[in-house]
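Trainee: One file: coords15.cif (mmCIF, C-alpha atoms).
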```cif
data_run
loop_
_atom_site.label_atom_id
_atom_site.label_comp_id
_atom_site.auth_asym_id
_atom_site.auth_seq_id
_atom_site.Cartn_x
_atom_site.Cartn_y
_atom_site.Cartn_z
CA MET A 28 -3.05 -29.75 6.59
CA SER A 29 -3.86 -26.75 8.75
CA ALA A 30 -5.75 -23.75 7.35
CA ILE A 31 -2.46 -21.82 7.31
CA GLU A 32 -0.76 -24.54 5.28
CA ARG A 33 -3.69 -24.72 2.88
CA VAL A 34 -3.74 -20.98 2.17
CA TRP A 35 0.05 -20.94 1.84
CA ALA A 36 -0.26 -23.56 -0.90
CA LEU A 37 -2.90 -21.31 -2.53
CA VAL A 38 -0.53 -18.32 -2.46
CA GLU A 39 2.30 -20.29 -4.03
CA ASP A 40 0.00 -21.71 -6.71
CA ILE A 41 -1.30 -18.26 -7.67
CA GLY A 42 2.30 -17.04 -7.86
CA ARG A 43 3.26 -19.80 -10.27
CA ARG A 44 0.21 -19.19 -12.43
CA THR A 45 0.72 -15.41 -12.65
CA ALA A 46 4.49 -15.48 -13.16
CA ASP A 47 5.72 -12.86 -15.62
CA PRO A 48 9.53 -13.07 -15.66
CA PRO A 49 11.44 -11.51 -14.09
CA GLY A 50 8.66 -11.36 -11.49
CA ILE A 51 4.91 -11.53 -10.96
CA THR A 52 2.36 -9.34 -12.75
CA ARG A 53 -1.31 -9.18 -11.84
CA PRO A 54 -2.71 -6.06 -13.56
CA ALA A 55 -5.66 -4.36 -11.90
CA TRP A 56 -8.83 -5.58 -13.63
CA GLY A 57 -6.71 -7.78 -15.83
CA GLU A 58 -6.71 -11.47 -16.66
CA GLN A 59 -4.03 -12.41 -14.10
CA GLU A 60 -5.75 -10.54 -11.28
CA GLU A 61 -8.99 -12.28 -12.28
CA LEU A 62 -7.19 -15.63 -12.24
CA ALA A 63 -6.18 -14.91 -8.65
CA ALA A 64 -9.77 -13.91 -7.81
CA ASP A 65 -11.11 -17.15 -9.29
CA ALA A 66 -8.53 -19.18 -7.34
CA VAL A 67 -9.58 -17.49 -4.07
CA CYS A 68 -13.25 -18.19 -4.79
CA ASP A 69 -12.52 -21.83 -5.67
CA PHE A 70 -10.55 -22.23 -2.43
CA ALA A 71 -13.39 -20.69 -0.43
CA ALA A 72 -15.88 -23.11 -2.00
CA ARG A 73 -13.69 -26.07 -1.03
CA GLU A 74 -13.67 -24.74 2.54
CA GLY A 75 -17.46 -24.52 2.61
CA LEU A 76 -17.52 -20.72 2.39
CA GLN A 77 -19.62 -18.68 -0.02
CA ALA A 78 -17.58 -16.15 -1.98
CA LEU A 79 -19.59 -13.19 -3.28
CA ARG A 80 -18.28 -10.54 -5.66
CA ASP A 81 -19.45 -6.97 -5.68
CA PRO A 82 -20.16 -5.17 -8.99
CA PHE A 83 -16.44 -4.33 -9.29
CA GLY A 84 -15.03 -7.80 -8.63
CA ASN A 85 -14.05 -7.36 -4.98
CA ILE A 86 -14.65 -10.61 -3.07
CA SER A 87 -16.33 -11.08 0.32
CA MET A 88 -16.48 -14.37 2.27
CA LEU A 89 -18.65 -14.23 5.39
CA LEU A 90 -18.86 -16.75 8.24
CA PRO A 91 -21.96 -15.98 10.36
CA GLY A 92 -21.45 -15.87 14.12
CA GLN A 93 -23.94 -16.45 16.90
CA ASP A 94 -25.44 -13.07 15.97
CA PRO A 95 -25.36 -13.26 12.15
CA GLY A 96 -26.80 -9.77 11.74
CA ALA A 97 -24.03 -8.05 13.69
CA PRO A 98 -21.24 -6.10 11.95
CA ALA A 99 -18.43 -8.47 10.94
CA VAL A 100 -14.82 -8.53 12.08
CA THR A 101 -13.12 -8.22 8.70
CA SER A 102 -9.67 -8.90 7.28
CA GLY A 103 -8.09 -8.95 3.84
CA SER A 104 -5.91 -7.16 1.32
CA HIS A 105 -5.47 -6.80 -2.45
CA LEU A 106 -4.91 -9.18 -5.36
CA ASP A 107 -3.00 -7.02 -7.84
CA THR A 108 0.76 -6.47 -8.04
CA VAL A 109 2.96 -3.82 -9.58
CA PRO A 110 4.37 -4.79 -12.99
CA HIS A 111 7.04 -7.50 -12.53
CA GLY A 112 6.70 -7.29 -8.77
CA GLY A 113 6.52 -10.02 -6.15
CA ASN A 114 3.87 -12.52 -5.15
CA TYR A 115 3.26 -11.58 -1.53
CA ASP A 116 2.53 -7.84 -1.49
CA GLY A 117 -1.26 -7.95 -1.05
CA LEU A 118 -1.88 -11.64 -1.66
CA ALA A 119 -0.39 -12.67 1.70
CA GLY A 120 -3.00 -10.50 3.44
CA VAL A 121 -5.84 -11.98 1.38
CA ALA A 122 -4.65 -15.46 2.34
CA ALA A 123 -4.24 -14.56 6.02
CA GLY A 124 -7.83 -13.38 6.40
CA LEU A 125 -9.04 -16.43 4.50
CA ALA A 126 -7.01 -18.74 6.77
CA VAL A 127 -8.67 -17.33 9.89
CA VAL A 128 -12.19 -17.62 8.48
CA ALA A 129 -11.51 -21.11 7.07
CA ALA A 130 -10.15 -22.32 10.42
CA ALA A 131 -13.15 -20.88 12.26
CA LYS A 132 -15.45 -22.56 9.74
CA SER A 133 -13.74 -25.91 10.35
CA ALA A 134 -14.02 -25.50 14.11
CA GLY A 135 -17.57 -24.17 13.98
CA ALA A 136 -18.30 -20.54 14.69
CA LYS A 137 -19.43 -21.27 18.25
CA ALA A 138 -16.42 -23.45 18.99
CA ALA A 139 -14.18 -20.70 17.66
CA GLY A 140 -15.87 -18.24 20.01
CA ALA A 141 -17.24 -15.98 17.28
CA ALA A 142 -20.28 -14.15 18.64
CA VAL A 143 -20.33 -11.90 15.56
CA PRO A 144 -19.55 -12.75 11.93
CA LEU A 145 -16.03 -13.09 10.54
CA ARG A 146 -15.36 -11.82 7.02
CA ALA A 147 -12.41 -12.29 4.67
CA ILE A 148 -12.08 -10.01 1.66
CA ALA A 149 -9.97 -9.77 -1.48
CA MET A 150 -9.81 -6.36 -3.16
CA ARG A 151 -8.87 -5.17 -6.62
CA CYS A 152 -6.38 -2.48 -7.59
CA GLU A 153 -4.51 -1.21 -4.57
CA GLU A 154 -1.37 -0.46 -6.56
CA SER A 155 -1.10 2.99 -8.16
CA PRO A 156 0.87 2.26 -11.38
CA TRP A 157 -2.09 0.80 -13.26
CA TYR A 158 -4.40 3.83 -13.24
CA GLY A 159 -2.18 6.50 -11.75
CA THR A 160 -3.75 6.39 -8.28
CA ALA A 161 -4.11 3.85 -5.50
CA TYR A 162 -6.86 2.07 -3.50
CA LEU A 163 -9.39 1.99 -6.32
CA GLY A 164 -10.86 -1.39 -5.37
CA SER A 165 -11.31 -0.53 -1.71
CA GLN A 166 -12.70 2.92 -2.57
CA LEU A 167 -15.38 1.26 -4.70
CA MET A 168 -16.01 -1.47 -2.11
CA LEU A 169 -16.51 1.13 0.63
CA GLY A 170 -18.48 3.60 -1.47
CA LEU A 171 -15.80 6.27 -1.14
CA SER A 172 -15.75 6.54 -4.94
CA THR A 173 -18.13 5.44 -7.68
CA LEU A 174 -17.54 4.06 -11.14
CA ASP A 175 -18.79 7.40 -12.46
CA ASP A 176 -16.02 9.09 -10.45
CA ILE A 177 -13.10 6.89 -11.50
CA GLY A 178 -14.32 4.67 -14.34
CA SER A 179 -12.68 6.86 -16.97
CA LEU A 180 -9.17 6.42 -15.52
CA VAL A 181 -6.94 4.79 -18.14
CA ARG A 182 -4.70 1.80 -17.48
CA PHE A 183 -1.20 2.67 -18.57
CA ASP A 184 -0.35 -0.61 -20.33
CA ASN A 185 -3.41 -1.29 -22.48
CA GLY A 186 -4.98 2.16 -22.91
CA ARG A 187 -8.41 0.98 -21.74
CA THR A 188 -10.43 2.69 -19.05
CA LEU A 189 -11.14 1.09 -15.69
CA ARG A 190 -14.77 0.66 -16.76
CA GLN A 191 -13.77 -1.03 -20.02
CA ASN A 192 -11.37 -3.42 -18.28
CA ALA A 193 -13.98 -4.35 -15.65
CA GLU A 194 -16.63 -4.92 -18.33
CA ALA A 195 -14.22 -7.10 -20.31
CA LEU A 196 -14.10 -9.39 -17.26
CA GLY A 197 -17.89 -9.46 -17.02
CA TYR A 198 -18.48 -6.91 -14.25
CA PRO A 199 -21.07 -6.18 -13.11
CA ARG A 200 -22.31 -9.79 -13.26
CA ARG A 201 -26.03 -9.65 -13.73
CA GLY A 202 -28.18 -12.24 -12.00
CA ALA A 203 -25.43 -13.42 -9.64
CA PRO A 204 -25.62 -12.88 -5.86
CA VAL A 205 -23.81 -9.66 -5.07
CA ALA A 206 -21.56 -8.93 -2.09
CA PRO A 207 -22.72 -5.95 -0.02
CA ARG A 208 -21.02 -2.60 -0.05
CA LEU A 209 -18.96 -2.39 3.12
CA ASN A 210 -19.47 0.37 5.68
CA LYS A 211 -19.35 0.93 9.42
CA ASP A 212 -22.83 -0.62 9.77
CA ASN A 213 -21.67 -4.04 8.56
CA VAL A 214 -17.95 -3.92 9.43
CA ARG A 215 -17.09 -3.94 13.12
CA SER A 216 -13.35 -3.59 12.53
CA PHE A 217 -10.74 -4.17 9.82
CA LEU A 218 -7.34 -5.83 10.15
CA GLU A 219 -4.88 -6.14 7.28
CA LEU A 220 -1.81 -8.36 7.23
CA HIS A 221 0.88 -7.17 4.82
CA ILE A 222 4.52 -7.84 4.24
CA GLU A 223 6.86 -5.17 5.53
CA GLN A 224 8.21 -3.22 2.58
CA GLY A 225 11.53 -2.28 4.16
CA PRO A 226 14.32 -4.06 6.04
CA LEU A 227 13.65 -3.18 9.70
CA LEU A 228 12.06 -6.44 10.86
CA GLU A 229 14.58 -8.55 8.98
CA THR A 230 17.50 -6.51 10.32
CA GLU A 231 16.25 -6.66 13.90
CA ALA A 232 15.23 -10.36 13.70
CA ILE A 233 11.63 -9.57 14.68
CA PRO A 234 8.94 -11.53 12.81
CA VAL A 235 5.98 -9.15 13.18
CA GLY A 236 5.52 -5.40 13.18
CA ILE A 237 2.49 -3.45 14.36
CA ALA A 238 1.78 -0.45 12.14
CA THR A 239 1.15 2.79 14.01
CA ALA A 240 0.05 4.88 11.04
CA VAL A 241 -0.15 4.95 7.28
CA ARG A 242 2.27 7.63 6.15
CA GLY A 243 0.89 10.58 4.30
CA ASN A 244 2.85 12.30 1.58
CA VAL A 245 3.45 15.58 -0.19
CA ARG A 246 4.51 15.18 -3.81
CA PHE A 247 5.65 17.47 -6.59
CA PRO A 248 5.76 15.00 -9.50
CA ASN A 249 6.88 17.41 -12.22
CA ALA A 250 9.13 20.05 -10.67
CA ARG A 251 11.56 22.12 -12.71
CA CYS A 252 14.52 24.37 -12.08
CA VAL A 253 15.39 26.91 -14.77
CA GLY A 254 18.77 28.62 -14.90
CA ALA A 255 20.74 29.65 -17.96
CA TYR A 256 22.87 27.69 -20.41
CA ALA A 257 26.41 29.02 -20.83
CA HIS A 258 29.92 28.05 -21.92
CA SER A 259 31.45 25.82 -19.26
CA ALA A 260 34.99 27.20 -19.60
CA ALA A 261 34.21 30.85 -20.12
CA LEU A 262 31.73 31.72 -17.38
CA PRO A 263 33.03 32.50 -13.85
CA ARG A 264 31.18 30.93 -10.93
CA ARG A 265 29.60 34.18 -9.73
CA PHE A 266 27.78 34.62 -13.05
CA ARG A 267 26.50 31.08 -13.32
CA GLN A 268 22.84 30.08 -13.14
CA ASP A 269 23.51 26.37 -12.78
CA ALA A 270 20.27 24.42 -12.53
CA VAL A 271 21.99 21.12 -11.68
CA LEU A 272 23.87 22.56 -8.73
CA ALA A 273 20.73 24.34 -7.52
CA VAL A 274 18.70 21.10 -7.42
CA ALA A 275 21.66 19.18 -6.00
CA GLN A 276 21.89 21.75 -3.20
CA LEU A 277 18.17 21.28 -2.54
CA MET A 278 18.54 17.50 -2.40
CA LEU A 279 21.52 17.57 -0.05
CA ALA A 280 19.86 20.09 2.26
CA VAL A 281 16.73 17.91 2.51
CA ASP A 282 18.90 14.86 3.18
CA GLU A 283 20.74 16.75 5.95
CA TYR A 284 17.36 17.83 7.40
CA TRP A 285 16.34 14.16 7.40
CA ALA A 286 19.56 13.16 9.17
CA ARG A 287 19.01 15.85 11.84
CA ARG A 288 15.52 14.49 12.54
CA ILE A 289 16.90 10.97 12.96
CA ALA A 290 19.69 12.21 15.24
CA ALA A 291 17.01 13.85 17.39
CA GLY A 292 15.26 10.49 17.74
CA ASP A 293 12.53 11.05 15.14
CA GLU A 294 12.38 8.47 12.33
CA ASP A 295 8.95 9.56 11.15
CA PHE A 296 10.12 11.43 8.03
CA VAL A 297 11.23 10.09 4.63
CA ALA A 298 12.25 11.93 1.45
CA THR A 299 12.85 10.81 -2.12
CA PHE A 300 13.89 12.64 -5.28
CA GLY A 301 12.89 9.89 -7.67
CA LYS A 302 13.36 11.80 -10.93
CA PHE A 303 16.30 14.01 -11.90
CA SER A 304 17.18 14.78 -15.53
CA THR A 305 18.65 17.39 -17.81
CA ASP A 306 17.32 17.92 -21.33
CA PRO A 307 19.15 15.47 -23.66
CA ALA A 308 18.51 17.75 -26.63
CA LEU A 309 20.30 20.67 -24.98
CA HIS A 310 22.71 19.41 -22.33
CA ALA A 311 26.38 18.86 -23.07
CA MET A 312 29.63 18.25 -21.22
CA THR A 313 30.80 21.73 -22.15
CA LYS A 314 27.65 23.67 -21.15
CA VAL A 315 26.50 25.03 -17.83
CA PRO A 316 23.15 23.25 -17.41
CA GLY A 317 20.22 25.60 -17.79
CA GLU A 318 17.34 23.31 -16.87
CA VAL A 319 16.60 20.29 -14.69
CA THR A 320 13.33 18.40 -14.25
CA PHE A 321 12.88 16.44 -11.02
CA SER A 322 10.38 15.17 -8.49
CA ILE A 323 9.98 15.59 -4.74
CA ASN A 324 8.21 13.03 -2.57
CA ILE A 325 8.19 13.44 1.20
CA GLY A 326 6.28 11.30 3.67
CA ALA A 327 5.46 11.30 7.36
CA ALA A 328 3.22 9.45 9.79
CA SER A 329 2.16 12.65 11.57
CA LYS A 330 0.62 15.74 10.03
CA ALA A 331 2.82 18.00 12.16
CA THR A 332 5.98 16.42 10.74
CA GLN A 333 4.59 16.51 7.21
CA ASP A 334 3.63 20.17 7.46
CA GLU A 335 6.98 21.16 9.01
CA ALA A 336 8.95 19.35 6.30
CA ARG A 337 6.84 20.85 3.53
CA GLY A 338 7.43 24.33 4.93
CA PHE A 339 11.16 23.68 5.24
CA ILE A 340 11.38 22.66 1.57
CA LEU A 341 9.36 25.62 0.31
CA ASP A 342 11.56 28.06 2.27
CA LEU A 343 14.68 26.27 1.08
CA VAL A 344 13.62 26.56 -2.56
CA LYS A 345 13.27 30.34 -2.19
CA THR A 346 16.70 30.65 -0.56
CA ILE A 347 18.50 28.58 -3.20
CA ALA A 348 16.71 30.38 -6.03
CA ARG A 349 17.94 33.70 -4.64
CA GLU A 350 21.51 32.50 -4.01
CA ARG A 351 21.97 30.86 -7.41
CA ASN A 352 19.80 33.18 -9.51
CA VAL A 353 17.56 30.37 -10.77
CA VAL A 354 13.81 29.82 -10.86
CA PHE A 355 12.09 26.83 -9.29
CA GLU A 356 8.73 25.80 -10.74
CA LEU A 357 7.46 23.06 -8.46
CA GLY A 358 4.31 22.45 -10.49
CA GLU A 359 1.26 20.56 -9.27
CA GLU A 360 1.28 19.50 -5.62
CA VAL A 361 -0.49 16.27 -4.76
CA GLY A 362 -0.57 14.09 -1.66
CA THR A 363 -2.51 12.55 1.18
CA ALA A 364 -2.76 13.23 4.89
CA PRO A 365 -1.25 10.71 7.34
CA THR A 366 -3.69 8.18 8.78
CA PRO A 367 -3.10 7.20 12.41
CA LEU A 368 -4.39 3.68 13.09
CA ASN A 369 -6.69 2.66 15.94
CA GLU A 370 -4.71 2.57 19.19
CA ALA A 371 -7.01 0.07 20.95
CA MET A 372 -6.57 -2.34 18.07
CA LEU A 373 -2.80 -1.89 18.11
CA LEU A 374 -2.82 -2.93 21.76
CA LEU A 375 -5.04 -5.89 20.90
CA LEU A 376 -2.59 -7.05 18.22
CA GLU A 377 0.30 -6.75 20.67
CA ASP A 378 -1.63 -8.78 23.25
CA SER A 379 -2.36 -11.43 20.64
CA ALA A 380 1.32 -11.63 19.71
CA ARG A 381 2.39 -11.94 23.36
CA ALA A 382 -0.10 -14.75 23.89
CA SER A 383 1.61 -16.67 21.08
CA GLY A 384 5.12 -15.76 22.20
CA ILE A 385 5.77 -13.68 19.08
CA ARG A 386 8.03 -10.61 19.29
CA THR A 387 6.77 -7.38 17.75
CA ARG A 388 7.80 -3.78 17.26
CA ARG A 389 5.76 -0.70 16.41
CA MET A 390 6.54 1.15 13.18
CA PRO A 391 4.82 3.39 10.62
CA THR A 392 3.96 1.97 7.25
CA VAL A 393 3.18 3.26 3.77
CA GLY A 394 -0.02 3.37 1.73
CA HIS A 395 -2.42 0.43 2.15
CA ASP A 396 -6.16 -0.22 1.82
CA THR A 397 -6.38 0.02 5.61
CA ALA A 398 -6.27 3.81 5.24
CA MET A 399 -9.53 3.68 3.25
CA PHE A 400 -11.27 1.75 6.05
CA MET A 401 -10.14 4.37 8.57
CA ARG A 402 -11.42 7.07 6.21
CA ALA A 403 -14.77 5.27 6.14
CA GLY A 404 -14.99 5.48 9.92
CA ILE A 405 -14.12 1.83 10.57
CA PRO A 406 -11.54 1.07 13.32
CA ALA A 407 -8.55 -0.49 11.60
CA ALA A 408 -5.01 -1.69 12.22
CA MET A 409 -2.23 -3.53 10.42
CA ILE A 410 0.14 -6.45 10.98
CA LEU A 411 3.44 -6.22 9.11
CA VAL A 412 5.26 -9.50 8.49
CA ARG A 413 9.02 -9.78 8.09
CA ASN A 414 10.08 -10.43 4.52
CA GLN A 415 13.33 -10.48 2.65
CA ASN A 416 14.40 -8.24 -0.23
CA GLY A 417 11.74 -5.54 0.14
CA SER A 418 8.70 -5.42 -2.13
CA HIS A 419 7.64 -4.23 -5.58
CA ASN A 420 10.49 -6.25 -7.08
CA PRO A 421 10.96 -9.77 -8.48
CA HIS A 422 13.06 -10.83 -5.48
CA GLU A 423 10.30 -10.21 -2.92
CA ALA A 424 10.33 -13.07 -0.41
CA LEU A 425 8.31 -14.35 2.55
CA GLN A 426 9.08 -17.35 4.73
CA ALA A 427 6.21 -19.73 5.51
CA ASP A 428 7.03 -19.62 9.25
CA ASP A 429 6.86 -15.81 9.32
CA PHE A 430 3.56 -15.88 7.44
CA ALA A 431 2.23 -18.39 9.98
CA ALA A 432 3.31 -16.15 12.86
CA GLY A 433 1.46 -13.22 11.33
CA VAL A 434 -1.67 -15.31 10.83
CA ARG A 435 -1.60 -16.45 14.46
CA VAL A 436 -1.45 -12.81 15.61
CA LEU A 437 -4.29 -11.95 13.22
CA ALA A 438 -6.42 -14.91 14.37
CA GLY A 439 -6.03 -14.11 18.04
CA ALA A 440 -7.07 -10.49 17.48
CA MET A 441 -9.99 -11.31 15.17
CA LEU A 442 -11.45 -13.91 17.53
CA ARG A 443 -11.17 -11.54 20.50
CA LEU A 444 -12.90 -8.81 18.51
CA ALA A 445 -15.60 -11.27 17.46
CA ALA A 446 -16.17 -12.66 20.97
#
```
Step by step, read the file and then write its structure as structure tokens.
Mentor:
Amino acid sequence: MSAIERVWALVEDIGRRTADPPGITRPAWGEQEELAADAVCDFAAREGLQALRDPFGNISMLLPGQDPGAPAVTSGSHLDTVPHGGNYDGLAGVAAGLAVVAAAKSAGAKAAGAAVPLRAIAMRCEESPWYGTAYLGSQLMLGLSTLDDIGSLVRFDNGRTLRQNAEALGYPRRGAPVAPRLNKDNVRSFLELHIEQGPLLETEAIPVGIATAVRGNVRFPNARCVGAYAHSAALPRRFRQDAVLAVAQLMLAVDEYWARRIAAGDEDFVATFGKFSTDPALHAMTKVPGEVTFSINIGAASKATQDEARGFILDLVKTIARERNVVFELGEEVGTAPTPLNEAMLLLLEDSARASGIRTRRMPTVGHDTAMFMRAGIPAAMILVRNQNGSHNPHEALQADDFAAGVRVLAGAMLRLAA
């Protein structure tokens, strides 16, 4: 079996062992995520690689090159899933990096052309549902956050803190060899393979995408519109303070703004109103609705687009409030800036794909650990692999041939970077 076939068998085995119908669940710093971590370490040992864990359970597998002290060309992704999600979001990228390092180990570092070390990593907790925020494993691995900073975050399903969940798994493990903290002194570059989380590659029959940027976002998680309750049959339109119509007008105007951007050739922007509800204790079929709670989530791969869209929405809210005599309370604003990925590495990935006869297209992507490596000053890029049925759902799919194509692109780029 080739290294790609061996890691594919590993991925499928982990999926079977962490099944949680109707999908897959590997909670961050939970037993199923730890099962996946143990399986990765066992696989590495069979391949003759040493797997070291840092104090937080992140895994690092290093293959020395001709200059073992040089910064390593590094690849990997995360082990956790969303609740009842799919098997490949994260784990496919862990396996891809491991396949490249395992193949180079089998060939011999010199035969593989690796002048500098190659490293595969597996990270904890990329998904935000568990502790209310994302990238916790990579933040700890890169020293962007400490356990003192984030250890008190509470996991939504068991009520324990991050620190308590990590300690329940035995972290930090005293007396065991410890993987180093990663930084720009020991990481030459970072490449992450990940399944595409939308339908573009599948629709266009292209196996591999090259991510141009990690989209940033502006979010108002707990927005509210307050109007006035009134009798539905008695109140003329001009006197109404209808909160539902006010928010509906906002939503439709943002959707029309989005359509105008697309018509102008700009597909950078996305918008979602994920929550929309009236008060069940007060609403009724015969009442003008006086209050709506909702959320706004906009994203863009460029800061200019993000800032323009945010300004458009804030101006729009003022206009609708004035026209409909309602009050918008947008509440706390949270978000992240867009993260453009390293252009030289994008070109390298495209060259690697061409050398293997694999078609690609450029496209922005959403939040991934890669953004944390860029934030740490490490050149980084991403390979997106065609998958069926999206992600974060039980029907998430990935074909073995598409995974293999992505690994070949990754291997070509890593070996060129390591030469």
Trainee: Once the PyMOL selection byres ((chain A and resi 418) around 7) has been evaluated on this model, what residues remain selected, and can you format them as a list in words?
Mentor: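 Applied to this file, the PyMOL selection byres ((chain A and resi 418) around 7) selects Gly113, Asp116, Gln224, Asn416, Gly417, His419, Asn420 and Glu423 of chain A.
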Trainee: Using all atoms listed in the file, can you tell me which of A:Ala97, A:Ile222, A:Ile385, A:Ala331 comes closest to A:Asn114?
Mentor: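 Counting all atoms listed in the file, the residue closest to A:Asn114 is A:Ile222.
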Trainee: Find, counting all atoms listed in the file, the residue in A:Arg242, A:Arg351, A:Arg435, A:Arg337 that gets nearest to A:Arg381.
Mentor: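 Of all the options, A:Arg435 lies closest to A:Arg381.
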Trainee: Measuring atom to atom with only C-alpha atoms, identify which of A:Arg402, A:Arg386, A:Arg146, A:Arg246 is nearest to A:Pro367.
Mentor: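 Closest to A:Pro367 of all the choices is A:Arg402.
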Trainee: Applied to this file, what does the PyMOL selection byres ((chain A and resi 155) around 12) return in terms of residues, put as a PDB file with C-alpha atoms, keeping the file's coordinate frame?
Mentor:
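Output (part-v4.pdb):
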```pdb
ATOM      1  CA  PRO A  54      -2.710  -6.060 -13.560  1.00  0.00           C
ATOM      2  CA  ALA A  55      -5.660  -4.360 -11.900  1.00  0.00           C
ATOM      3  CA  ASP A 107      -3.000  -7.020  -7.840  1.00  0.00           C
ATOM      4  CA  THR A 108       0.760  -6.470  -8.040  1.00  0.00           C
ATOM      5  CA  VAL A 109       2.960  -3.820  -9.580  1.00  0.00           C
ATOM      6  CA  PRO A 110       4.370  -4.790 -12.990  1.00  0.00           C
ATOM      7  CA  ARG A 151      -8.870  -5.170  -6.620  1.00  0.00           C
ATOM      8  CA  CYS A 152      -6.380  -2.480  -7.590  1.00  0.00           C
ATOM      9  CA  GLU A 153      -4.510  -1.210  -4.570  1.00  0.00           C
ATOM     10  CA  GLU A 154      -1.370  -0.460  -6.560  1.00  0.00           C
ATOM     11  CA  PRO A 156       0.870   2.260 -11.380  1.00  0.00           C
ATOM     12  CA  TRP A 157      -2.090   0.800 -13.260  1.00  0.00           C
ATOM     13  CA  TYR A 158      -4.400   3.830 -13.240  1.00  0.00           C
ATOM     14  CA  GLY A 159      -2.180   6.500 -11.750  1.00  0.00           C
ATOM     15  CA  THR A 160      -3.750   6.390  -8.280  1.00  0.00           C
ATOM     16  CA  ALA A 161      -4.110   3.850  -5.500  1.00  0.00           C
ATOM     17  CA  TYR A 162      -6.860   2.070  -3.500  1.00  0.00           C
ATOM     18  CA  LEU A 163      -9.390   1.990  -6.320  1.00  0.00           C
ATOM     19  CA  GLY A 164     -10.860  -1.390  -5.370  1.00  0.00           C
ATOM     20  CA  LEU A 180      -9.170   6.420 -15.520  1.00  0.00           C
ATOM     21  CA  VAL A 181      -6.940   4.790 -18.140  1.00  0.00           C
ATOM     22  CA  ARG A 182      -4.700   1.800 -17.480  1.00  0.00           C
ATOM     23  CA  PHE A 183      -1.200   2.670 -18.570  1.00  0.00           C
ATOM     24  CA  GLY A 394      -0.020   3.370   1.730  1.00  0.00           C
ATOM     25  CA  HIS A 395      -2.420   0.430   2.150  1.00  0.00           C
ATOM     26  CA  ASP A 396      -6.160  -0.220   1.820  1.00  0.00           C
ATOM     27  CA  HIS A 419       7.640  -4.230  -5.580  1.00  0.00           C
TER      28      HIS A 419
END
```
Trainee: Using the chain letters and numbers from the file, give me the residues hit by the PyMOL selection byres ((chain A and resi 295) around 6), as a PyMOL selection string.
Mentor: chain A and resi 293-294+296+327-328
Trainee: Return the single residue from A:Gln415, A:Ser379, A:Ser87, A:Thr188 that is closest to A:Asp175, with distances computed using all atoms listed in the file.
Mentor: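 Result for the nearest residue to A:Asp175: A:Thr188.
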Trainee: With a distance cut-off of 7 Å and all atoms listed in the file, select the neighbouring residues of A:Gly362, excluding the residue or stretch itself and same-chain residues fewer than 2 positions from it, and output the selection as a list in words.
Mentor: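 These residues fall inside the cut-off: Asn244, Val245, Arg246, Glu360 and Ala364 of chain A.
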Trainee: For atom CA of A:Leu37 and atom CA of A:Pro234, quote the distance in Å rounded to one decimal.
Mentor: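 These two atoms are separated by 21.7 Å.
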Trainee: Quick one: distance from atom CA of A:Leu343 to atom CA of A:Leu277 in Å, one decimal?
Mentor: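 That distance, rounded to one decimal, is 7.1 Å.
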Trainee: Can you sort out stretch 121-130 of chain A so it carries N, CA and C atoms, written as a PDB file, in the frame of the given file?
Mentor:
```pdb
ATOM      1  N   VAL A 121      -4.607 -11.293   1.787  1.00  0.00           N
ATOM      2  CA  VAL A 121      -5.840 -11.980   1.380  1.00  0.00           C
ATOM      3  C   VAL A 121      -5.865 -13.372   1.991  1.00  0.00           C
ATOM      4  N   ALA A 122      -4.733 -14.094   1.846  1.00  0.00           N
ATOM      5  CA  ALA A 122      -4.650 -15.460   2.340  1.00  0.00           C
ATOM      6  C   ALA A 122      -4.767 -15.534   3.855  1.00  0.00           C
ATOM      7  N   ALA A 123      -4.199 -14.553   4.562  1.00  0.00           N
ATOM      8  CA  ALA A 123      -4.240 -14.560   6.020  1.00  0.00           C
ATOM      9  C   ALA A 123      -5.669 -14.452   6.536  1.00  0.00           C
ATOM     10  N   GLY A 124      -6.426 -13.508   5.998  1.00  0.00           N
ATOM     11  CA  GLY A 124      -7.830 -13.380   6.400  1.00  0.00           C
ATOM     12  C   GLY A 124      -8.619 -14.630   6.077  1.00  0.00           C
ATOM     13  N   LEU A 125      -8.350 -15.210   4.907  1.00  0.00           N
ATOM     14  CA  LEU A 125      -9.040 -16.430   4.500  1.00  0.00           C
ATOM     15  C   LEU A 125      -8.685 -17.593   5.415  1.00  0.00           C
ATOM     16  N   ALA A 126      -7.430 -17.664   5.864  1.00  0.00           N
ATOM     17  CA  ALA A 126      -7.010 -18.740   6.770  1.00  0.00           C
ATOM     18  C   ALA A 126      -7.787 -18.679   8.081  1.00  0.00           C
ATOM     19  N   VAL A 127      -7.963 -17.473   8.616  1.00  0.00           N
ATOM     20  CA  VAL A 127      -8.670 -17.330   9.890  1.00  0.00           C
ATOM     21  C   VAL A 127     -10.127 -17.758   9.742  1.00  0.00           C
ATOM     22  N   VAL A 128     -10.776 -17.291   8.673  1.00  0.00           N
ATOM     23  CA  VAL A 128     -12.190 -17.620   8.480  1.00  0.00           C
ATOM     24  C   VAL A 128     -12.350 -19.114   8.183  1.00  0.00           C
ATOM     25  N   ALA A 129     -11.439 -19.679   7.383  1.00  0.00           N
ATOM     26  CA  ALA A 129     -11.510 -21.110   7.070  1.00  0.00           C
ATOM     27  C   ALA A 129     -11.316 -21.957   8.322  1.00  0.00           C
ATOM     28  N   ALA A 130     -10.386 -21.573   9.180  1.00  0.00           N
ATOM     29  CA  ALA A 130     -10.150 -22.320  10.420  1.00  0.00           C
ATOM     30  C   ALA A 130     -11.365 -22.233  11.338  1.00  0.00           C
TER      31      ALA A 130
END
```
